[in-house]
>>> print(open('entry.txt').read())   # compact mmCIF, C-alpha atoms
# COMPACT_ATOMS: atom_id res chain seq x y z
CA MET G 1 3.06 22.73 8.10
CA HIS G 2 4.27 19.89 10.34
CA ALA G 3 3.06 21.77 13.42
CA GLN G 4 -0.40 22.20 11.91
CA THR G 5 -0.72 18.56 10.88
CA LEU G 6 0.46 17.40 14.29
CA ALA G 7 -2.09 19.65 15.99
CA TRP G 8 -4.85 18.04 13.95
CA SER G 9 -3.56 14.51 14.54
CA LEU G 10 -3.19 15.12 18.28
CA GLY G 11 -6.73 16.47 18.43
CA LYS G 12 -5.61 19.88 19.66
CA GLN G 13 -7.37 21.53 16.74
CA LYS G 14 -10.29 20.48 14.59
CA ALA G 15 -9.22 18.36 11.64
CA PRO G 16 -10.26 19.62 8.19
CA LEU G 17 -12.51 16.56 7.60
CA VAL G 18 -13.78 13.85 9.93
CA LEU G 19 -15.90 10.83 9.06
CA LYS G 20 -17.87 10.20 12.25
CA ASN G 21 -19.18 6.86 13.53
CA ALA G 22 -17.45 4.74 10.91
CA LYS G 23 -17.40 0.96 11.16
CA LEU G 24 -13.78 0.67 10.03
CA VAL G 25 -12.64 -2.41 8.15
CA ASN G 26 -9.01 -2.45 9.23
CA VAL G 27 -7.14 -4.53 6.65
CA LEU G 28 -3.93 -4.14 8.68
CA SER G 29 -5.20 -5.80 11.86
CA GLY G 30 -8.06 -7.85 10.44
CA GLU G 31 -10.63 -6.12 12.65
CA ILE G 32 -13.88 -4.22 12.28
CA TYR G 33 -14.60 -1.58 14.90
CA THR G 34 -16.27 1.80 15.33
CA THR G 35 -14.10 4.92 15.10
CA ASP G 36 -13.85 8.37 13.59
CA ILE G 37 -11.50 8.89 10.64
CA ALA G 38 -9.69 12.24 10.49
CA VAL G 39 -8.48 13.51 7.11
CA ALA G 40 -6.31 16.44 6.06
CA GLY G 41 -5.65 17.08 2.40
CA GLU G 42 -4.96 13.77 0.66
CA SER G 43 -4.01 11.86 3.80
CA ILE G 44 -5.54 10.16 6.80
CA ILE G 45 -4.19 11.78 9.96
CA GLY G 46 -5.91 9.91 12.75
CA LEU G 47 -8.27 7.22 14.04
CA GLY G 48 -10.20 7.59 17.27
CA GLU G 49 -12.46 10.36 18.52
CA TYR G 50 -12.03 13.57 16.51
CA ALA G 51 -13.80 16.85 15.84
CA GLY G 52 -13.69 18.34 12.36
CA GLU G 53 -14.25 21.59 10.55
CA GLN G 54 -16.34 19.42 8.25
CA GLU G 55 -17.96 16.36 9.76
CA ILE G 56 -19.72 13.62 7.82
CA ASP G 57 -21.69 11.18 9.94
CA VAL G 58 -21.59 7.85 8.12
CA GLU G 59 -24.05 6.47 10.69
CA GLY G 60 -22.36 3.17 11.42
CA ARG G 61 -21.70 2.24 7.81
CA TYR G 62 -18.63 0.21 6.89
CA VAL G 63 -15.59 2.11 5.65
CA TYR G 64 -12.84 0.24 3.81
CA PRO G 65 -9.87 1.32 1.66
CA GLY G 66 -10.29 2.26 -1.98
CA LEU G 67 -9.89 -0.81 -4.19
CA ILE G 68 -6.71 -1.43 -6.22
CA ASP G 69 -6.68 -3.40 -9.49
CA GLY G 70 -3.22 -4.99 -9.74
CA HIS G 71 -3.21 -5.67 -13.49
CA PHE G 72 -5.38 -4.09 -16.14
CA HIS G 73 -5.31 -3.07 -19.80
CA LEU G 74 -7.11 0.24 -20.20
CA GLU G 75 -7.49 -0.48 -23.90
CA SER G 76 -9.95 -3.31 -23.21
CA SER G 77 -12.43 -0.85 -21.71
CA MET G 78 -12.71 0.72 -25.20
CA VAL G 79 -13.14 4.18 -23.66
CA SER G 80 -10.81 7.02 -22.74
CA PRO G 81 -9.01 6.91 -19.38
CA ALA G 82 -11.29 9.67 -18.07
CA GLU G 83 -14.40 7.71 -19.06
CA PHE G 84 -12.96 4.57 -17.49
CA ALA G 85 -12.36 6.49 -14.27
CA ALA G 86 -15.96 7.68 -14.36
CA ALA G 87 -17.13 4.07 -14.63
CA VAL G 88 -15.08 2.53 -11.82
CA LEU G 89 -14.78 5.25 -9.17
CA PRO G 90 -18.47 5.06 -8.13
CA ARG G 91 -17.93 1.31 -7.64
CA GLY G 92 -15.05 1.82 -5.21
CA THR G 93 -11.95 1.41 -7.37
CA THR G 94 -9.53 4.26 -6.68
CA THR G 95 -6.25 2.87 -8.07
CA VAL G 96 -5.27 0.70 -11.04
CA ILE G 97 -1.96 -0.61 -12.34
CA ALA G 98 -2.17 -0.49 -16.11
CA ASP G 99 -0.05 -2.33 -18.67
CA PRO G 100 -0.25 -0.39 -21.98
CA HIS G 101 1.16 -3.13 -24.18
CA GLU G 102 -1.88 -3.19 -26.46
CA ILE G 103 -1.68 0.47 -27.41
CA ALA G 104 2.13 0.23 -27.55
CA ASN G 105 1.87 -2.53 -30.16
CA VAL G 106 0.16 0.02 -32.40
CA TRP G 107 1.74 3.33 -31.40
CA GLY G 108 4.93 2.39 -29.57
CA THR G 109 6.16 5.04 -27.14
CA ASP G 110 3.56 7.47 -28.50
CA GLY G 111 0.90 5.16 -27.06
CA ILE G 112 2.61 5.04 -23.67
CA ASP G 113 2.99 8.83 -23.67
CA TYR G 114 -0.70 9.24 -24.50
CA PHE G 115 -1.85 7.07 -21.60
CA MET G 116 0.49 8.77 -19.16
CA ALA G 117 -0.72 12.22 -20.23
CA ALA G 118 -4.39 11.20 -20.33
CA THR G 119 -4.28 9.76 -16.80
CA GLU G 120 -2.40 12.60 -15.13
CA GLY G 121 -4.49 14.42 -12.56
CA LEU G 122 -7.48 12.07 -12.68
CA PRO G 123 -9.21 11.27 -9.37
CA LEU G 124 -8.47 7.64 -10.26
CA LYS G 125 -4.79 6.92 -9.58
CA VAL G 126 -3.24 5.17 -12.56
CA PHE G 127 0.20 3.57 -12.25
CA PHE G 128 1.97 1.71 -15.04
CA THR G 129 4.09 -1.30 -15.81
CA LEU G 130 6.03 -0.96 -19.06
CA PRO G 131 5.24 -3.24 -22.03
CA SER G 132 7.73 -6.10 -22.14
CA CYS G 133 6.77 -7.65 -25.48
CA VAL G 134 6.30 -5.17 -28.32
CA PRO G 135 5.72 -6.75 -30.76
CA ALA G 136 3.97 -9.59 -28.96
CA THR G 137 5.82 -12.01 -31.23
CA ASP G 138 8.36 -11.59 -34.01
CA LEU G 139 6.10 -13.72 -36.22
CA GLU G 140 3.58 -10.87 -36.51
CA ASP G 141 3.55 -7.41 -38.01
CA ALA G 142 3.16 -4.62 -35.46
CA GLY G 143 3.13 -0.86 -35.38
CA ALA G 144 6.22 -0.63 -33.20
CA LYS G 145 9.16 -2.41 -31.65
CA LEU G 146 10.31 -1.48 -28.15
CA GLU G 147 13.76 -2.38 -26.89
CA ALA G 148 15.30 -1.82 -23.47
CA GLU G 149 16.64 1.59 -24.48
CA ASP G 150 13.14 2.69 -25.51
CA LEU G 151 11.83 1.81 -22.04
CA ARG G 152 14.72 3.19 -20.00
CA PRO G 153 13.59 6.88 -20.07
CA TYR G 154 10.33 5.91 -18.32
CA LEU G 155 11.97 4.18 -15.37
CA LYS G 156 12.42 7.38 -13.37
CA HIS G 157 8.76 8.33 -13.66
CA PRO G 158 7.05 8.01 -10.26
CA ARG G 159 4.00 6.30 -11.76
CA VAL G 160 6.06 3.58 -13.49
CA LEU G 161 6.33 0.60 -11.15
CA GLY G 162 8.07 -2.00 -13.27
CA LEU G 163 7.98 -4.25 -16.32
CA GLY G 164 4.61 -5.54 -17.49
CA GLU G 165 3.70 -9.17 -17.95
CA LEU G 166 6.82 -10.90 -19.29
CA MET G 167 5.14 -13.10 -21.88
CA ASN G 168 8.29 -14.24 -23.65
CA VAL G 169 9.03 -17.03 -21.20
CA PRO G 170 11.12 -18.99 -23.75
CA GLY G 171 13.20 -15.86 -24.30
CA VAL G 172 13.83 -15.60 -20.57
CA LEU G 173 14.79 -19.26 -20.22
CA MET G 174 17.01 -19.32 -23.32
CA GLY G 175 18.84 -16.12 -22.39
CA ASP G 176 17.58 -13.99 -25.27
CA GLU G 177 19.72 -10.84 -25.27
CA ASN G 178 16.87 -8.41 -25.98
CA VAL G 179 14.66 -9.90 -23.27
CA TRP G 180 17.45 -9.90 -20.73
CA ALA G 181 18.42 -6.33 -21.58
CA LYS G 182 14.93 -5.29 -20.42
CA ILE G 183 15.19 -7.43 -17.29
CA GLU G 184 18.55 -5.89 -16.40
CA ALA G 185 17.28 -2.35 -17.01
CA ILE G 186 14.37 -2.98 -14.63
CA ARG G 187 16.62 -4.57 -12.03
CA GLN G 188 19.05 -1.64 -12.14
CA ALA G 189 16.14 0.74 -11.58
CA GLY G 190 14.95 -1.29 -8.59
CA LYS G 191 11.55 -1.95 -10.17
CA LEU G 192 9.28 -5.01 -10.28
CA ILE G 193 8.75 -7.57 -13.04
CA ASP G 194 5.24 -8.94 -13.57
CA GLY G 195 4.83 -12.41 -15.01
CA HIS G 196 2.77 -14.25 -17.60
CA ALA G 197 3.58 -17.96 -17.53
CA PRO G 198 0.58 -20.26 -18.06
CA GLY G 199 1.56 -23.90 -18.36
CA PHE G 200 5.08 -23.49 -17.00
CA SER G 201 6.11 -25.39 -13.89
CA GLY G 202 8.99 -27.22 -12.26
CA LYS G 203 12.53 -26.15 -13.07
CA GLU G 204 11.36 -23.81 -15.82
CA LEU G 205 9.25 -21.89 -13.31
CA ASN G 206 12.21 -21.88 -10.91
CA ALA G 207 14.38 -20.24 -13.57
CA TYR G 208 11.63 -17.77 -14.47
CA ARG G 209 11.37 -16.73 -10.81
CA LEU G 210 15.17 -16.54 -10.59
CA ALA G 211 15.11 -14.00 -13.45
CA GLY G 212 13.23 -11.66 -11.12
CA VAL G 213 9.59 -12.30 -12.03
CA THR G 214 7.49 -11.86 -8.89
CA SER G 215 3.84 -12.17 -9.96
CA ASP G 216 1.60 -14.11 -12.32
CA HIS G 217 -2.01 -13.42 -13.31
CA GLU G 218 -2.20 -16.23 -15.89
CA CYS G 219 -2.73 -19.24 -13.60
CA ILE G 220 -5.57 -21.45 -14.77
CA SER G 221 -5.56 -24.19 -12.12
CA GLN G 222 -5.19 -24.50 -8.37
CA GLU G 223 -2.06 -26.61 -8.93
CA GLU G 224 -0.41 -23.76 -10.84
CA ALA G 225 -1.55 -21.32 -8.19
CA ARG G 226 -0.03 -23.36 -5.35
CA GLU G 227 3.28 -23.75 -7.15
CA ARG G 228 3.60 -20.01 -7.65
CA LEU G 229 2.78 -19.27 -4.04
CA ARG G 230 5.44 -21.77 -2.95
CA LEU G 231 8.06 -19.95 -5.03
CA GLY G 232 7.24 -16.49 -3.70
CA ILE G 233 5.34 -15.38 -6.79
CA GLN G 234 2.40 -13.09 -6.02
CA LEU G 235 -0.76 -14.89 -7.11
CA MET G 236 -3.02 -12.53 -9.03
CA LEU G 237 -6.51 -13.99 -9.18
CA ARG G 238 -8.08 -12.83 -12.41
CA GLU G 239 -11.72 -12.37 -13.29
CA GLY G 240 -12.04 -10.30 -16.44
CA SER G 241 -14.29 -10.20 -19.46
CA ALA G 242 -12.30 -12.51 -21.72
CA THR G 243 -10.77 -14.82 -19.11
CA LYS G 244 -12.25 -15.86 -15.77
CA ASN G 245 -10.09 -17.89 -13.38
CA LEU G 246 -11.03 -16.60 -9.93
CA LEU G 247 -13.21 -19.50 -8.81
CA ASP G 248 -10.83 -22.10 -10.28
CA LEU G 249 -7.96 -20.75 -8.18
CA LEU G 250 -9.82 -20.22 -4.90
CA PRO G 251 -9.13 -23.73 -3.50
CA ALA G 252 -5.42 -22.83 -3.44
CA VAL G 253 -6.03 -19.81 -1.19
CA ASN G 254 -5.97 -20.25 2.58
CA SER G 255 -5.61 -18.10 5.68
CA PHE G 256 -1.82 -18.45 5.60
CA ASN G 257 -1.10 -17.57 1.96
CA ALA G 258 -3.90 -15.09 1.24
CA ILE G 259 -1.49 -12.28 2.11
CA ASN G 260 0.34 -13.12 -1.15
CA CYS G 261 -2.81 -12.95 -3.28
CA SER G 262 -4.23 -10.00 -5.23
CA LEU G 263 -7.34 -9.38 -7.29
CA VAL G 264 -7.02 -8.27 -10.92
CA THR G 265 -9.37 -7.91 -13.87
CA ASP G 266 -6.81 -7.91 -16.72
CA ASP G 267 -9.51 -6.74 -19.11
CA ARG G 268 -13.02 -5.42 -18.55
CA HIS G 269 -15.35 -4.61 -21.41
CA PRO G 270 -17.85 -1.73 -21.25
CA GLU G 271 -20.95 -3.92 -20.94
CA ASP G 272 -19.41 -5.80 -18.00
CA LEU G 273 -18.34 -2.58 -16.29
CA LEU G 274 -21.88 -1.31 -16.69
CA HIS G 275 -23.83 -4.39 -15.63
CA GLU G 276 -21.47 -6.29 -13.28
CA GLY G 277 -18.95 -3.74 -12.13
CA HIS G 278 -15.22 -3.83 -11.59
CA LEU G 279 -13.38 -5.10 -8.48
CA ASP G 280 -16.64 -4.89 -6.55
CA HIS G 281 -17.85 -7.77 -8.73
CA LEU G 282 -14.82 -9.86 -7.75
CA LEU G 283 -15.42 -9.13 -4.07
CA ARG G 284 -19.01 -10.32 -4.37
CA LEU G 285 -17.79 -13.56 -5.96
CA LEU G 286 -15.28 -14.16 -3.17
CA VAL G 287 -17.76 -13.58 -0.35
CA ALA G 288 -20.41 -15.69 -2.10
CA ASN G 289 -17.84 -18.50 -2.14
CA LYS G 290 -17.19 -18.32 1.60
CA ILE G 291 -14.10 -16.10 1.62
CA ASP G 292 -14.08 -13.88 4.70
CA PRO G 293 -14.94 -10.28 3.70
CA ILE G 294 -11.85 -8.87 5.42
CA THR G 295 -9.61 -11.36 3.58
CA ALA G 296 -11.35 -10.49 0.31
CA LEU G 297 -10.79 -6.78 0.91
CA GLN G 298 -7.13 -7.37 1.79
CA MET G 299 -6.71 -9.05 -1.60
CA ALA G 300 -8.20 -5.97 -3.27
CA THR G 301 -6.26 -3.39 -1.27
CA ILE G 302 -3.26 -3.79 1.04
CA ASN G 303 -1.86 -6.98 -0.53
CA THR G 304 -1.66 -5.32 -3.94
CA ALA G 305 -0.30 -2.07 -2.53
CA ARG G 306 2.46 -3.90 -0.68
CA TYR G 307 3.39 -5.98 -3.71
CA PHE G 308 3.81 -2.85 -5.83
CA ARG G 309 5.59 -1.00 -2.99
CA LEU G 310 2.87 1.63 -2.82
CA HIS G 311 3.59 2.09 0.86
CA ASN G 312 0.92 4.70 1.61
CA TYR G 313 -1.90 2.96 -0.26
CA GLY G 314 -4.33 0.18 0.52
CA ALA G 315 -5.22 0.76 4.19
CA ILE G 316 -6.90 3.23 6.53
CA ALA G 317 -4.35 4.48 9.05
CA PRO G 318 -2.39 7.69 9.70
CA GLY G 319 -0.14 8.56 6.77
CA PHE G 320 -2.10 6.55 4.21
CA GLN G 321 -3.87 8.03 1.21
CA ALA G 322 -7.42 9.05 2.07
CA ASP G 323 -8.97 6.72 -0.50
CA LEU G 324 -12.10 5.49 1.26
CA VAL G 325 -15.24 3.56 0.41
CA VAL G 326 -18.36 3.87 2.59
CA ALA G 327 -20.78 0.94 2.20
CA ASP G 328 -23.89 -0.42 3.87
CA ASP G 329 -22.69 -4.03 3.98
CA LEU G 330 -19.83 -6.40 3.15
CA HIS G 331 -21.63 -8.71 0.76
CA SER G 332 -22.96 -6.43 -1.98
CA PHE G 333 -20.01 -3.99 -1.72
CA LYS G 334 -22.25 -1.30 -3.11
CA PRO G 335 -20.66 2.06 -2.20
CA TYR G 336 -22.69 4.66 -0.40
CA ALA G 337 -19.86 7.14 -0.96
CA VAL G 338 -16.33 7.09 -2.39
CA PHE G 339 -13.45 9.37 -1.41
CA SER G 340 -10.30 9.78 -3.50
CA SER G 341 -7.36 11.68 -1.99
CA GLY G 342 -9.64 13.03 0.72
CA LYS G 343 -12.36 14.34 -1.59
CA MET G 344 -15.77 12.77 -2.04
CA VAL G 345 -15.98 11.87 -5.73
CA ALA G 346 -19.07 9.66 -5.82
CA SER G 347 -22.26 9.15 -3.84
CA ALA G 348 -25.03 6.57 -4.23
CA GLY G 349 -23.32 5.12 -7.30
CA LYS G 350 -23.05 8.45 -9.12
CA LEU G 351 -20.15 10.81 -9.75
CA LEU G 352 -20.49 14.13 -8.00
CA SER G 353 -18.88 16.02 -10.89
CA PRO G 354 -17.74 15.16 -14.43
CA ILE G 355 -14.20 13.88 -14.89
CA SER G 356 -11.98 15.46 -17.50
CA ASN G 357 -8.30 15.51 -18.23
CA GLN G 358 -6.97 18.91 -19.22
CA LYS G 359 -3.87 17.60 -20.97
CA ARG G 360 -4.34 16.94 -24.65
CA TYR G 361 -2.13 14.46 -26.48
CA GLN G 362 -2.63 13.95 -30.20
CA LEU G 363 -1.77 10.46 -31.36
CA PRO G 364 -0.28 10.18 -34.85
CA ARG G 365 -2.24 8.30 -37.48
CA LYS G 366 -0.70 4.86 -37.88
CA PHE G 367 -3.18 3.33 -40.28
CA GLN G 368 -4.34 5.21 -43.33
CA MET G 369 -6.43 3.78 -46.12
CA GLN G 370 -7.66 5.34 -49.31
CA PRO G 371 -11.42 5.21 -50.01
CA LEU G 372 -12.54 1.95 -51.60
CA THR G 373 -14.15 1.91 -55.03
CA PRO G 374 -16.56 -0.72 -56.42
CA GLU G 375 -13.89 -1.73 -58.92
CA GLN G 376 -11.54 -2.76 -56.13
CA LEU G 377 -14.14 -5.13 -54.70
CA LYS G 378 -14.73 -7.04 -57.94
CA ILE G 379 -13.46 -10.62 -58.03
CA GLN G 380 -12.61 -12.10 -61.40
CA ALA G 381 -14.28 -15.45 -62.01
CA GLY G 382 -13.05 -18.18 -64.30
>>> encode(input="entry.txt", output="structure tokens")
Amino acid sequence: MHAQTLAWSLGKQKAPLVLKNAKLVNVLSGEIYTTDIAVAGESIIGLGEYAGEQEIDVEGRYVYPGLIDGHFHLESSMVSPAEFAAAVLPRGTTTVIADPHEIANVWGTDGIDYFMAATEGLPLKVFFTLPSCVPATDLEDAGAKLEAEDLRPYLKHPRVLGLGELMNVPGVLMGDENVWAKIEAIRQAGKLIDGHAPGFSGKELNAYRLAGVTSDHECISQEEARERLRLGIQLMLREGSATKNLLDLLPAVNSFNAINCSLVTDDRHPEDLLHEGHLDHLLRLLVANKIDPITALQMATINTARYFRLHNYGAIAPGFQADLVVADDLHSFKPYAVFSSGKMVASAGKLLSPISNQKRYQLPRKFQMQPLTPEQLKIQAG
């Protein structure tokens, strides 16, 4: 197998697939130049001049890496994971990092298991951070309660990248045993901890960072954004359906610190996915506000991949996943074609074949209500 792959990469034999005459957006070097892109299986095997068993002439169109959403709640899309994949793949998103804390607040580990089963084998790569706050607060009723021991079995799963947004900042700062048990479990597994700390600054933010939190998508001002960047906290610029902070945070981003910035949607409702799009919408906003297109694409690809230690994602170079977007320009970011793991999955904004997930996972009923009668709706007066 190695000999065959090397023969393709060295150009001694025709590669299985070659995109000819691509205007490559190289997010590693910050350049745009014309080259062929050779692909074998799920991986890119070479850049330069190649011949292929199958050749697709992209006729000088731009080719950039598949987009990566660094923080997203699938539940907010209000559709199944397969339907969500069908909505975002034609727009260039090929990878998302999902936090299932909303479904876990209703179904606990059953909800996590459902999402993991329902996303397995999709052309959209779905990774997970584990819910850190179930229930969201002890002052509410919830369908489940997840402790460190409930999360521990998931830590060996290859698609679990860390602990999701650690909302209980007071619990972190006051040394709450349950909160710190989760932090220690994640640390022992060598995983990441995502943050959620709006309004916190100064020594409190220092201590939060010291606990191991390395990102925050909840910044609402450029001052908060700058402080997080200064402390080595990945700045996740959010533009979702419920909360929109991207343009407020942009003044804090410059050519030196942009490498530590990522794009996230957090939540995206169906009507917004349909009419505005997904990460492609965020890219359009950045470029319209004078952010260089290559910098914008880095924030939607390689920066996020590096933060989450997805070492073979987010760029177009030998050994990287063959997740590719072909587009006519770098201002509309409207895909001409989308490749996921080396296969063309969308063209001209349309899926090439329906998406389905063969694994079935039946969620238990958590809320059951007997039929209402008119008598139950009567209110006694006087």
>>> residues_around(input="entry.txt", residues="G:Glu276", least_positions_apart="6", cutoff="12 Å", atoms="all atoms listed in the file", output="compact mmCIF listing (two decimals) with C-alpha atoms, in the coordinates of the input")
# COMPACT_ATOMS: atom_id res chain seq x y z
CA ALA G 87 -17.13 4.07 -14.63
CA VAL G 88 -15.08 2.53 -11.82
CA ARG G 91 -17.93 1.31 -7.64
CA GLU G 239 -11.72 -12.37 -13.29
CA GLY G 240 -12.04 -10.30 -16.44
CA SER G 241 -14.29 -10.20 -19.46
CA ARG G 268 -13.02 -5.42 -18.55
CA HIS G 269 -15.35 -4.61 -21.41
CA PRO G 270 -17.85 -1.73 -21.25
CA LEU G 282 -14.82 -9.86 -7.75
CA LEU G 283 -15.42 -9.13 -4.07
CA ARG G 284 -19.01 -10.32 -4.37
CA LEU G 285 -17.79 -13.56 -5.96
CA SER G 332 -22.96 -6.43 -1.98
CA PHE G 333 -20.01 -3.99 -1.72
CA LYS G 334 -22.25 -1.30 -3.11
>>> closest_residue(input="entry.txt", among="G:Leu279, G:Val264, G:Ala85, G:Ile316", to="G:Gly70", atoms="only C-alpha atoms")
G:Val264
>>> residues_around(input="entry.txt", residues="stretch 92-96 of chain G", least_positions_apart="6", cutoff="9 Å", atoms="all atoms listed in the file", output="PyMOL selection string")
chain G and resi 65-72+85+123-128+278-280+313+323-326+333-335+337-340+346
>>> residues_around(input="entry.txt", residues="stretch 100-116 of chain G", least_positions_apart="6", cutoff="7 Å", atoms="all atoms listed in the file", output="mmCIF file with C-alpha atoms, keeping the file's coordinate frame")
data_model
loop_
_atom_site.group_PDB
_atom_site.id
_atom_site.type_symbol
_atom_site.label_atom_id
_atom_site.label_comp_id
_atom_site.auth_asym_id
_atom_site.auth_seq_id
_atom_site.Cartn_x
_atom_site.Cartn_y
_atom_site.Cartn_z
ATOM 1 C CA HIS G 73 -5.310 -3.070 -19.800
ATOM 2 C CA GLU G 75 -7.490 -0.480 -23.900
ATOM 3 C CA LEU G 130 6.030 -0.960 -19.060
ATOM 4 C CA PRO G 131 5.240 -3.240 -22.030
ATOM 5 C CA VAL G 134 6.300 -5.170 -28.320
ATOM 6 C CA PRO G 135 5.720 -6.750 -30.760
ATOM 7 C CA ALA G 142 3.160 -4.620 -35.460
ATOM 8 C CA GLY G 143 3.130 -0.860 -35.380
ATOM 9 C CA ALA G 144 6.220 -0.630 -33.200
ATOM 10 C CA LYS G 145 9.160 -2.410 -31.650
ATOM 11 C CA LEU G 146 10.310 -1.480 -28.150
ATOM 12 C CA TYR G 361 -2.130 14.460 -26.480
ATOM 13 C CA LEU G 363 -1.770 10.460 -31.360
#
>>> atom_distance(input="entry.txt", atom1="atom CA of G:Gln13", atom2="atom CA of G:Ala51")
8.0 Å
>>> atom_distance(input="entry.txt", atom1="atom CA of G:Ser43", atom2="atom CA of G:Leu163")
28.4 Å
>>> axis_aligned_box(input="entry.txt", around="stretch 172-175 of chain G", padding_each_side="5 Å", output="JSON")
{"center_x": 16.3, "center_y": -17.5, "center_z": -21.8, "size_x": 15.0, "size_y": 13.7, "size_z": 13.1}
>>> residues_around(input="entry.txt", residues="G:Pro170", least_positions_apart="6", cutoff="12 Å", atoms="only C-alpha atoms", output="ChimeraX atom specification")
/G:137,176-177,179-180,196-197,200,204-205,207-208
>>> residues_around(input="entry.txt", residues="G:Gln4", least_positions_apart="4", cutoff="10 Å", atoms="only C-alpha atoms", output="ChimeraX atom specification")
/G:8-10,12-13,15
>>> closest_residue(input="entry.txt", among="G:Asn254, G:His281, G:Val345, G:Leu247", to="G:Leu122", atoms="all atoms listed in the file")
G:Val345
>>> closest_residue(input="entry.txt", among="G:Gly41, G:Gly171, G:Pro16, G:Pro318", to="G:Ile56", atoms="all atoms listed in the file")
G:Pro16
>>> closest_atom_pairs(input="entry.txt", of="stretch 107-220 of chain G", to="stretch 226-236 of chain G", cutoff="6 Å", atoms="all atoms listed in the file", output="Markdown table")
| residue | atom | partner | partner_atom | distance |
| --- | --- | --- | --- | --- |
| G:Thr214 | CA | G:Ile233 | CA | 4.6 |
| G:Ser215 | CA | G:Gln234 | CA | 4.3 |
| G:Asp216 | CA | G:Leu235 | CA | 5.8 |
| G:His217 | CA | G:Met236 | CA | 4.5 |
>>> write_last_selection(input="entry.txt", atoms="C-alpha atoms", output="compact mmCIF listing (two decimals), keeping the file's coordinate frame")
# COMPACT_ATOMS: atom_id res chain seq x y z
CA THR G 214 7.49 -11.86 -8.89
CA SER G 215 3.84 -12.17 -9.96
CA ASP G 216 1.60 -14.11 -12.32
CA HIS G 217 -2.01 -13.42 -13.31
>>> closest_residue(input="entry.txt", among="G:Gly199, G:Pro293, G:Gly11, G:Gly212", to="G:Val27", atoms="only C-alpha atoms")
G:Pro293
>>> closest_residue(input="entry.txt", among="G:Ala381, G:Tyr336, G:Thr265, G:Arg238", to="G:Ser76", atoms="all atoms listed in the file")
G:Thr265
